[in-house]
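> This is data.pdb (PDB, C-alpha atoms).
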ATOM      1  CA  MET V   1      13.162 -12.837  12.414
ATOM      2  CA  LYS V   2      11.885 -16.010  10.741
ATOM      3  CA  TYR V   3      11.481 -16.131   6.981
ATOM      4  CA  ILE V   4      10.087 -18.443   4.295
ATOM      5  CA  ASP V   5      13.202 -19.865   2.672
ATOM      6  CA  GLU V   6      11.572 -21.308  -0.438
ATOM      7  CA  ASP V   7      10.014 -18.026  -1.574
ATOM      8  CA  TYR V   8      11.928 -16.031  -4.181
ATOM      9  CA  LEU V   9      10.332 -12.601  -3.750
ATOM     10  CA  PHE V  10      11.807 -10.552  -0.904
ATOM     11  CA  VAL V  11       8.392  -9.113  -0.005
ATOM     12  CA  GLU V  12       7.006 -12.601   0.651
ATOM     13  CA  LYS V  13      10.159 -14.334   1.866
ATOM     14  CA  TYR V  14      10.740 -11.719   4.577
ATOM     15  CA  ARG V  15       7.135 -10.816   5.378
ATOM     16  CA  PRO V  16       6.873 -10.630   9.212
ATOM     17  CA  ARG V  17       4.777 -13.418  10.723
ATOM     18  CA  SER V  18       4.470 -11.817  14.174
ATOM     19  CA  ILE V  19       3.501  -8.338  15.331
ATOM     20  CA  LYS V  20       6.817  -7.824  17.135
ATOM     21  CA  ASP V  21       8.654  -8.152  13.817
ATOM     22  CA  CYS V  22       6.466  -5.562  12.049
ATOM     23  CA  ILE V  23       7.989  -2.108  11.558
ATOM     24  CA  LEU V  24       5.352  -0.035  13.327
ATOM     25  CA  PRO V  25       5.084   2.572  16.097
ATOM     26  CA  ASP V  26       4.696   1.114  19.588
ATOM     27  CA  ARG V  27       1.158   2.513  19.868
ATOM     28  CA  LEU V  28       0.034   0.335  16.950
ATOM     29  CA  LYS V  29       2.045  -2.703  18.035
ATOM     30  CA  ASN V  30       0.479  -2.537  21.504
ATOM     31  CA  THR V  31      -3.023  -2.407  20.013
ATOM     32  CA  PHE V  32      -2.443  -5.376  17.720
ATOM     33  CA  ASN V  33      -0.717  -7.387  20.440
ATOM     34  CA  GLU V  34      -3.768  -6.903  22.652
ATOM     35  CA  PHE V  35      -5.950  -8.393  19.921
ATOM     36  CA  VAL V  36      -3.600 -11.387  19.659
ATOM     37  CA  VAL V  37      -3.676 -11.950  23.429
ATOM     38  CA  GLN V  38      -7.480 -11.808  23.419
ATOM     39  CA  GLY V  39      -7.537 -14.365  20.609
ATOM     40  CA  GLU V  40     -10.203 -12.583  18.578
ATOM     41  CA  PHE V  41     -10.678  -9.202  16.944
ATOM     42  CA  PRO V  42     -13.446  -6.707  16.342
ATOM     43  CA  THR V  43     -14.238  -5.856  12.736
ATOM     44  CA  LEU V  44     -11.222  -3.815  11.641
ATOM     45  CA  ILE V  45     -10.450  -1.384   8.847
ATOM     46  CA  LEU V  46      -6.694  -0.898   8.441
ATOM     47  CA  ALA V  47      -6.205   2.289   6.421
ATOM     48  CA  GLY V  48      -3.044   3.856   5.056
ATOM     49  CA  GLY V  49      -0.752   4.262   2.080
ATOM     50  CA  PRO V  50       0.629   1.398  -0.020
ATOM     51  CA  GLY V  51       3.262  -0.892   1.477
ATOM     52  CA  VAL V  52       3.016   0.336   5.096
ATOM     53  CA  GLY V  53       2.172  -3.112   6.497
ATOM     54  CA  LYS V  54      -1.627  -3.323   6.629
ATOM     55  CA  THR V  55      -1.940  -6.772   5.038
ATOM     56  CA  THR V  56       1.141  -8.011   6.875
ATOM     57  CA  VAL V  57      -0.385  -7.022  10.220
ATOM     58  CA  ALA V  58      -3.710  -8.705   9.399
ATOM     59  CA  LYS V  59      -1.960 -11.954   8.435
ATOM     60  CA  ALA V  60       0.446 -11.803  11.383
ATOM     61  CA  MET V  61      -2.364 -11.363  13.935
ATOM     62  CA  CYS V  62      -4.289 -14.335  12.551
ATOM     63  CA  HIS V  63      -1.133 -16.463  12.385
ATOM     64  CA  GLU V  64      -0.099 -15.678  15.962
ATOM     65  CA  ALA V  65      -3.608 -16.203  17.331
ATOM     66  CA  GLY V  66      -4.028 -19.500  15.418
ATOM     67  CA  ILE V  67      -7.191 -18.341  13.670
ATOM     68  CA  ASP V  68      -8.779 -19.932  10.614
ATOM     69  CA  THR V  69      -8.496 -17.292   7.879
ATOM     70  CA  MET V  70      -9.810 -16.605   4.375
ATOM     71  CA  ILE V  71      -7.888 -14.000   2.365
ATOM     72  CA  LEU V  72      -9.561 -12.185  -0.538
ATOM     73  CA  ASN V  73      -8.473  -9.294  -2.745
ATOM     74  CA  GLY V  74     -10.953  -6.534  -3.520
ATOM     75  CA  THR V  75      -9.549  -5.988  -7.012
ATOM     76  CA  MET V  76     -10.150  -9.629  -8.031
ATOM     77  CA  ASP V  77     -12.771 -10.886  -5.571
ATOM     78  CA  GLY V  78     -14.808  -7.712  -5.185
ATOM     79  CA  GLY V  79     -18.015  -8.907  -6.795
ATOM     80  CA  ILE V  80     -21.231  -9.736  -4.957
ATOM     81  CA  ASP V  81     -21.171 -13.365  -6.153
ATOM     82  CA  LYS V  82     -17.952 -14.097  -4.245
ATOM     83  CA  LEU V  83     -19.564 -12.778  -1.080
ATOM     84  CA  ARG V  84     -22.704 -14.861  -1.563
ATOM     85  CA  THR V  85     -20.843 -18.120  -2.242
ATOM     86  CA  ASP V  86     -17.309 -18.574  -0.859
ATOM     87  CA  VAL V  87     -17.555 -16.049   1.978
ATOM     88  CA  THR V  88     -20.970 -17.306   3.073
ATOM     89  CA  GLN V  89     -19.761 -20.904   3.143
ATOM     90  CA  PHE V  90     -16.627 -19.987   5.097
ATOM     91  CA  ALA V  91     -18.284 -17.630   7.577
ATOM     92  CA  SER V  92     -21.275 -19.842   8.346
ATOM     93  CA  THR V  93     -19.280 -22.905   9.476
ATOM     94  CA  TYR V  94     -17.405 -23.380  12.720
ATOM     95  CA  SER V  95     -13.614 -23.260  12.793
ATOM     96  CA  LEU V  96     -11.615 -26.464  13.159
ATOM     97  CA  MET V  97      -8.506 -24.513  14.208
ATOM     98  CA  GLY V  98      -7.366 -23.197  17.518
ATOM     99  CA  GLY V  99      -9.993 -24.813  19.709
ATOM    100  CA  GLY V 100     -11.904 -22.795  22.256
ATOM    101  CA  GLY V 101     -14.463 -21.704  19.714
ATOM    102  CA  LYS V 102     -12.336 -18.941  18.161
ATOM    103  CA  LYS V 103     -14.001 -16.888  15.494
ATOM    104  CA  LYS V 104     -12.858 -17.193  11.903
ATOM    105  CA  VAL V 105     -11.484 -14.137  10.083
ATOM    106  CA  VAL V 106     -12.083 -12.947   6.527
ATOM    107  CA  ILE V 107      -9.345 -10.585   5.341
ATOM    108  CA  TYR V 108     -10.517  -8.366   2.488
ATOM    109  CA  ASP V 109      -7.322  -6.872   1.092
ATOM    110  CA  GLU V 110      -7.709  -3.664  -0.970
ATOM    111  CA  ALA V 111     -11.289  -3.354   0.200
ATOM    112  CA  ASP V 112     -11.542   0.130  -1.313
ATOM    113  CA  TYR V 113     -11.917  -1.685  -4.653
ATOM    114  CA  LEU V 114     -14.991  -3.639  -3.530
ATOM    115  CA  SER V 115     -17.945  -2.919  -5.790
ATOM    116  CA  TRP V 116     -20.738  -0.611  -4.628
ATOM    117  CA  LYS V 117     -23.042  -3.621  -4.558
ATOM    118  CA  THR V 118     -20.654  -5.666  -2.412
ATOM    119  CA  GLN V 119     -20.009  -3.035   0.248
ATOM    120  CA  PRO V 120     -23.657  -2.634   1.381
ATOM    121  CA  ALA V 121     -24.078  -6.420   1.314
ATOM    122  CA  LEU V 122     -20.922  -6.861   3.404
ATOM    123  CA  ARG V 123     -22.478  -4.621   6.037
ATOM    124  CA  GLY V 124     -25.221  -7.210   6.476
ATOM    125  CA  PHE V 125     -22.740 -10.105   6.507
ATOM    126  CA  ILE V 126     -20.768  -8.521   9.334
ATOM    127  CA  GLU V 127     -23.888  -8.492  11.494
ATOM    128  CA  GLU V 128     -25.279 -11.854  10.370
ATOM    129  CA  PHE V 129     -22.097 -13.831  11.049
ATOM    130  CA  SER V 130     -20.791 -11.804  14.002
ATOM    131  CA  SER V 131     -21.023 -14.775  16.389
ATOM    132  CA  ASN V 132     -18.835 -16.979  14.201
ATOM    133  CA  CYS V 133     -16.682 -14.753  11.989
ATOM    134  CA  THR V 134     -15.097 -11.322  11.931
ATOM    135  CA  PHE V 135     -13.753  -9.224   9.064
ATOM    136  CA  ILE V 136     -10.531  -7.274   8.554
ATOM    137  CA  LEU V 137     -10.547  -4.804   5.658
ATOM    138  CA  THR V 138      -7.421  -3.086   4.352
ATOM    139  CA  CYS V 139      -7.553   0.010   2.163
ATOM    140  CA  ASN V 140      -5.429   2.830   0.799
ATOM    141  CA  PHE V 141      -8.346   5.260   0.588
ATOM    142  CA  ILE V 142     -10.717   5.228   3.561
ATOM    143  CA  ASN V 143     -13.097   7.601   1.743
ATOM    144  CA  LYS V 144     -13.877   4.775  -0.710
ATOM    145  CA  ILE V 145     -15.294   2.643   2.130
ATOM    146  CA  ILE V 146     -18.977   3.460   2.688
ATOM    147  CA  GLU V 147     -19.887   5.108   5.982
ATOM    148  CA  PRO V 148     -22.119   2.209   7.230
ATOM    149  CA  LEU V 149     -19.086  -0.122   7.008
ATOM    150  CA  GLN V 150     -16.846   2.379   8.779
ATOM    151  CA  SER V 151     -19.367   2.829  11.598
ATOM    152  CA  ARG V 152     -19.471  -0.942  12.186
ATOM    153  CA  SER V 153     -15.679  -1.204  12.367
ATOM    154  CA  THR V 154     -12.681  -0.117  14.381
ATOM    155  CA  VAL V 155     -10.692   2.073  11.979
ATOM    156  CA  ILE V 156      -6.919   2.055  12.529
ATOM    157  CA  ASP V 157      -4.864   4.658  10.684
ATOM    158  CA  PHE V 158      -1.381   3.623   9.514
ATOM    159  CA  ASN V 159      -0.197   7.199   8.939
ATOM    160  CA  PHE V 160       2.877   7.874  11.070
ATOM    161  CA  THR V 161       3.678  11.097  12.921
ATOM    162  CA  LYS V 162       6.892  13.031  12.324
ATOM    163  CA  THR V 163       8.286  11.951  15.688
ATOM    164  CA  GLU V 164       7.625   8.298  14.831
ATOM    165  CA  THR V 165       9.198   8.424  11.368
ATOM    166  CA  SER V 166      12.882   8.686  12.355
ATOM    167  CA  PRO V 167      13.024   5.560  14.602
ATOM    168  CA  LEU V 168      10.918   3.643  12.079
ATOM    169  CA  MET V 169      13.351   4.513   9.294
ATOM    170  CA  MET V 170      16.225   3.277  11.477
ATOM    171  CA  ALA V 171      14.344   0.028  12.142
ATOM    172  CA  CYS V 172      13.781  -0.244   8.398
ATOM    173  CA  PHE V 173      17.520   0.260   7.777
ATOM    174  CA  ASN V 174      18.417  -2.498  10.241
ATOM    175  CA  ARG V 175      15.857  -4.865   8.696
ATOM    176  CA  ILE V 176      17.210  -4.209   5.196
ATOM    177  CA  LYS V 177      20.756  -4.947   6.385
ATOM    178  CA  GLN V 178      19.596  -8.290   7.815
ATOM    179  CA  ILE V 179      17.915  -9.199   4.538
ATOM    180  CA  LEU V 180      20.881  -8.226   2.344
ATOM    181  CA  ASP V 181      23.334 -10.016   4.649
ATOM    182  CA  ASN V 182      21.203 -13.141   4.507
ATOM    183  CA  GLU V 183      21.060 -12.912   0.704
ATOM    184  CA  LYS V 184      24.872 -12.419   0.628
ATOM    185  CA  ILE V 185      24.504  -9.117  -1.227
ATOM    186  CA  VAL V 186      27.297  -6.538  -0.928
ATOM    187  CA  TYR V 187      25.892  -3.075  -0.215
ATOM    188  CA  ASP V 188      26.804   0.513   0.568
ATOM    189  CA  GLY V 189      24.986   1.645   3.711
ATOM    190  CA  LEU V 190      24.711   5.229   2.446
ATOM    191  CA  VAL V 191      22.922   4.031  -0.688
ATOM    192  CA  ILE V 192      20.478   2.026   1.436
ATOM    193  CA  ARG V 193      19.754   5.158   3.473
ATOM    194  CA  GLU V 194      19.051   7.106   0.283
ATOM    195  CA  LEU V 195      16.651   4.408  -0.907
ATOM    196  CA  ILE V 196      14.836   4.519   2.429
ATOM    197  CA  LYS V 197      14.501   8.317   2.213
ATOM    198  CA  ILE V 198      12.908   7.957  -1.219
ATOM    199  CA  TYR V 199      10.523   5.055  -0.637
ATOM    200  CA  PHE V 200       9.715   5.011   3.108
ATOM    201  CA  PRO V 201       7.111   4.178   4.410
ATOM    202  CA  ASP V 202       6.347   1.970   1.382
ATOM    203  CA  MET V 203       8.282  -1.107   2.554
ATOM    204  CA  ARG V 204       6.923  -3.247  -0.275
ATOM    205  CA  ARG V 205       8.209  -0.861  -2.939
ATOM    206  CA  LEU V 206      11.541  -0.583  -1.123
ATOM    207  CA  LEU V 207      12.047  -4.354  -1.051
ATOM    208  CA  ASN V 208      11.009  -4.720  -4.691
ATOM    209  CA  GLU V 209      13.481  -2.031  -5.749
ATOM    210  CA  LEU V 210      16.267  -3.579  -3.651
ATOM    211  CA  GLN V 211      15.664  -6.954  -5.250
ATOM    212  CA  ARG V 212      15.778  -5.377  -8.688
ATOM    213  CA  TYR V 213      18.970  -3.433  -7.999
ATOM    214  CA  SER V 214      20.680  -6.407  -6.317
ATOM    215  CA  SER V 215      20.415  -8.777  -9.288
ATOM    216  CA  SER V 216      24.210  -8.460  -9.680
ATOM    217  CA  LYS V 217      24.684  -9.167  -5.935
ATOM    218  CA  ILE V 218      25.922  -5.639  -5.259
ATOM    219  CA  ILE V 219      24.222  -2.360  -4.348
ATOM    220  CA  ASP V 220      26.498   0.658  -4.674
ATOM    221  CA  LYS V 221      26.458   4.317  -5.720
ATOM    222  CA  SER V 222      26.076   3.411  -9.389
ATOM    223  CA  ILE V 223      22.334   2.913  -8.877
ATOM    224  CA  LEU V 224      21.779   6.455  -7.568
ATOM    225  CA  SER V 225      21.541   7.760 -11.125
ATOM    226  CA  LEU V 226      18.740   5.274 -11.740
ATOM    227  CA  ILE V 227      16.977   6.350  -8.559
ATOM    228  CA  ALA V 228      17.156  10.000  -9.629
ATOM    229  CA  ASN V 229      14.945   9.189 -12.608
ATOM    230  CA  THR V 230      11.973   8.687 -10.276
ATOM    231  CA  ASP V 231      12.253  12.209  -8.786
ATOM    232  CA  ILE V 232       8.868  13.952  -9.041
ATOM    233  CA  THR V 233      10.353  17.452  -8.869
ATOM    234  CA  THR V 234      12.521  16.751 -11.905
ATOM    235  CA  PHE V 235       9.561  15.202 -13.715
ATOM    236  CA  VAL V 236       7.251  18.160 -13.108
ATOM    237  CA  GLY V 237      10.081  20.486 -14.135
ATOM    238  CA  TYR V 238       9.718  19.083 -17.640
ATOM    239  CA  PHE V 239       6.166  20.496 -17.704
ATOM    240  CA  LYS V 240       7.431  24.046 -17.313
ATOM    241  CA  ASP V 241       9.911  23.531 -20.146
ATOM    242  CA  MET V 242       7.194  21.980 -22.355
ATOM    243  CA  ASN V 243       9.590  19.057 -22.766
ATOM    244  CA  PHE V 244       7.213  16.400 -24.098
ATOM    245  CA  LYS V 245      10.081  14.090 -25.082
ATOM    246  CA  GLU V 246      11.507  13.913 -21.532
ATOM    247  CA  ILE V 247       8.027  13.543 -20.001
ATOM    248  CA  ARG V 248       7.277  10.589 -22.258
ATOM    249  CA  LYS V 249      10.701   9.065 -21.508
ATOM    250  CA  TRP V 250      10.233   9.474 -17.725
ATOM    251  CA  ILE V 251       6.796   7.826 -17.790
ATOM    252  CA  TRP V 252       7.980   4.824 -19.766
ATOM    253  CA  MET V 253      11.154   4.391 -17.676
ATOM    254  CA  ASN V 254       9.141   4.465 -14.442
ATOM    255  CA  GLY V 255       6.309   2.176 -15.464
ATOM    256  CA  SER V 256       6.427   0.286 -12.148
ATOM    257  CA  ILE V 257       5.328   3.337 -10.124
ATOM    258  CA  ASP V 258       2.067   2.956  -8.196
ATOM    259  CA  TYR V 259      -0.360   5.136 -10.189
ATOM    260  CA  THR V 260      -2.794   5.323  -7.265
ATOM    261  CA  VAL V 261      -0.409   7.700  -5.470
ATOM    262  CA  LEU V 262       1.506   9.187  -8.420
ATOM    263  CA  TYR V 263      -1.268  11.637  -9.346
ATOM    264  CA  GLU V 264      -1.312  12.966  -5.792
ATOM    265  CA  LYS V 265       2.472  13.454  -5.843
ATOM    266  CA  ILE V 266       2.222  15.354  -9.136
ATOM    267  CA  PHE V 267      -0.570  17.480  -7.648
ATOM    268  CA  ASN V 268       1.515  18.326  -4.540
ATOM    269  CA  GLU V 269       4.468  19.365  -6.684
ATOM    270  CA  LEU V 270       2.396  21.382  -9.185
ATOM    271  CA  ILE V 271       0.818  23.368  -6.343
ATOM    272  CA  LYS V 272       4.285  24.797  -5.667
ATOM    273  CA  GLN V 273       5.137  25.535  -9.308
ATOM    274  CA  LEU V 274       1.916  26.842 -10.904
ATOM    275  CA  THR V 275       0.586  30.388 -10.818
ATOM    276  CA  PRO V 276      -2.469  30.701  -8.512
ATOM    277  CA  ASP V 277      -4.882  31.238 -11.405
ATOM    278  CA  SER V 278      -3.837  27.885 -12.963
ATOM    279  CA  VAL V 279      -4.360  25.764  -9.846
ATOM    280  CA  PRO V 280      -8.145  25.237 -10.276
ATOM    281  CA  GLN V 281      -7.688  23.991 -13.854
ATOM    282  CA  MET V 282      -4.876  21.668 -12.739
ATOM    283  CA  VAL V 283      -7.088  20.213  -9.981
ATOM    284  CA  LEU V 284      -9.915  19.518 -12.432
ATOM    285  CA  THR V 285      -7.529  17.950 -14.960
ATOM    286  CA  ILE V 286      -5.854  15.614 -12.460
ATOM    287  CA  ALA V 287      -9.214  14.597 -10.969
ATOM    288  CA  ASP V 288     -10.522  13.813 -14.464
ATOM    289  CA  TYR V 289      -7.563  11.629 -15.398
ATOM    290  CA  GLN V 290      -7.522   9.901 -12.007
ATOM    291  CA  PHE V 291     -11.098   8.826 -12.718
ATOM    292  CA  LYS V 292     -10.223   7.740 -16.275
ATOM    293  CA  ALA V 293      -7.298   5.685 -14.911
ATOM    294  CA  THR V 294      -9.719   3.223 -13.292
ATOM    295  CA  ALA V 295     -10.832   2.045 -16.745
ATOM    296  CA  SER V 296      -7.777   2.909 -18.847
ATOM    297  CA  VAL V 297      -6.194   0.199 -21.007
ATOM    298  CA  SER V 298      -2.798   1.942 -20.734
ATOM    299  CA  GLN V 299      -1.994   3.808 -17.518
ATOM    300  CA  GLN V 300       1.083   5.287 -19.187
ATOM    301  CA  ILE V 301      -0.836   6.823 -22.096
ATOM    302  CA  ASN V 302      -3.515   8.097 -19.716
ATOM    303  CA  LEU V 303      -0.862   9.800 -17.573
ATOM    304  CA  LEU V 304       0.846  11.227 -20.666
ATOM    305  CA  ALA V 305      -2.478  12.712 -21.799
ATOM    306  CA  CYS V 306      -2.933  14.270 -18.344
ATOM    307  CA  CYS V 307       0.539  15.831 -18.469
ATOM    308  CA  THR V 308      -0.038  17.133 -21.993
ATOM    309  CA  GLN V 309      -3.288  18.854 -20.997
ATOM    310  CA  ILE V 310      -1.656  20.459 -17.955
ATOM    311  CA  MET V 311       1.178  21.799 -20.134
ATOM    312  CA  ALA V 312      -1.320  23.219 -22.627
ATOM    313  CA  GLU V 313      -3.695  24.852 -20.126
ATOM    314  CA  CYS V 314      -1.625  25.877 -17.096
ATOM    315  CA  ASN V 315       0.917  28.620 -16.443
ATOM    316  CA  PHE V 316       4.049  28.164 -14.360
ATOM    317  CA  LYS V 317       5.718  30.643 -12.028
ATOM    318  CA  LYS V 318       8.763  32.376 -13.490
TER     319      LYS V 318
END
Do you think you could lay out the structure here as structure tokens?


Amino acid sequence: MKYIDEDYLFVEKYRPRSIKDCILPDRLKNTFNEFVVQGEFPTLILAGGPGVGKTTVAKAMCHEAGIDTMILNGTMDGGIDKLRTDVTQFASTYSLMGGGGKKKVVIYDEADYLSWKTQPALRGFIEEFSSNCTFILTCNFINKIIEPLQSRSTVIDFNFTKTETSPLMMACFNRIKQILDNEKIVYDGLVIRELIKIYFPDMRRLLNELQRYSSSKIIDKSILSLIANTDITTFVGYFKDMNFKEIRKWIWMNGSIDYTVLYEKIFNELIKQLTPDSVPQMVLTIADYQFKATASVSQQINLLACCTQIMAECNFKK
């Protein structure tokens, strides 16, 4: 696997630049390889959880096919003005790369954060510039992409089946070993396996955590106590004990957690621990604070408020 030597971050330095190097099921690799062979793609929506390789695949396909590409992020470039100016200029001109009249590609990363004005306008852009440019959208939440955009696109789901997970985790383990060997980091294979069990399929989070833990050039069993602090079951257990101090401590110690998926994990754990009559109130509370999180100045305080309300209003099984 080739890598970008001058980049410091593992997630960028070791980002696959070809589809064959991506850690994906064969069914997805075959689909993406077909697009590369054809040299152009339909409008695509790549949907799935964080860190599973959606953006990597989009970039790798364009790189392998030699396609002129513009990359935008929905969280920063999601306004209608960006679409009317930069995207229009890019999509309306012919590509100087690749020869053979290949279409350009606009990659809209995190497209589920595009504004509600931009998404309907993008629908028109896809049709207007279809002869010269195509679009690849990536998203964590497909339900946040309006139906007219979905109907004009090929939607590819990055959720893996149970039978696919085991070989993918082994491929992930082998990739991690290559990276750590190249970085001359001493590691315990059993610890790496534990990390994979915790973070897979979020490869981005896994690499970020490995880089953090390997600052001393060694990864051994001493970090397992740190990993345990991110356990959702333990965290939710503090709710039952009304242990506000430990809840607050856990939230502040795990500030790097992706809040877009944390609320769902808390929900899945609470379902198992709450009495049936408390579940409706818990659902309403989590939904309320998920919505508030989109405009919250402090995600940590917002989450703490959510936990406090659940403790005050819900009953746990004995």

> Can you tell me how far atom CA of V:Phe267 sits from atom CA of V:Thr163, in Å to one decimal?

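Separation between atom CA of V:Phe267 and atom CA of V:Thr163: 25.6 Å.
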
> For stretch 185-196 of chain V, work out the shell of residues within 12 Å, counting only C-alpha atoms and skipping chain neighbours fewer than 4 positions away, then give it as a count of residues only.

46

> Starting from the displayed file, determine the output of the PyMOL selection byres ((chain V and resi 270) around 10) and express the residue list as a list in words.

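When the PyMOL selection byres ((chain V and resi 270) around 10) is applied, the selected residues are Ile232, Thr233, Val236, Gly237, Phe239, Lys240, Glu264, Lys265, Ile266, Phe267, Asn268, Glu269, Ile271, Lys272, Gln273, Leu274, Thr275, Ser278, Val279, Met282, Val283, Ile310, Cys314 and Phe316 of chain V.
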
> Between V:Cys133, V:Ile19, V:Leu284, V:Val261, which one has atoms that come closest to V:Val105, using only C-alpha atoms?

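Of the candidates, the smallest distance to V:Val105 is held by V:Cys133.
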
> Separation of atom CA of V:Thr134 and atom CA of V:Gln119, in Å?

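So the answer is 15.1 Å.
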
> If you apply the PyMOL selection byres ((chain V and resi 20-37) around 7) to this file, what residues do you get, as JSON, numbers by chain?

{"V": [1, 16, 18, 19, 38, 39, 40, 41, 61, 64, 65, 164, 168, 171, 172]}

> Write out as a ChimeraX atom specification the residues lying within 12 Å of stretch 44-46 of chain V, counting only C-alpha atoms and excluding same-chain residues fewer than 6 positions away.

/V:28,31-32,35,52-58,61,105-112,126,134-147,149-159
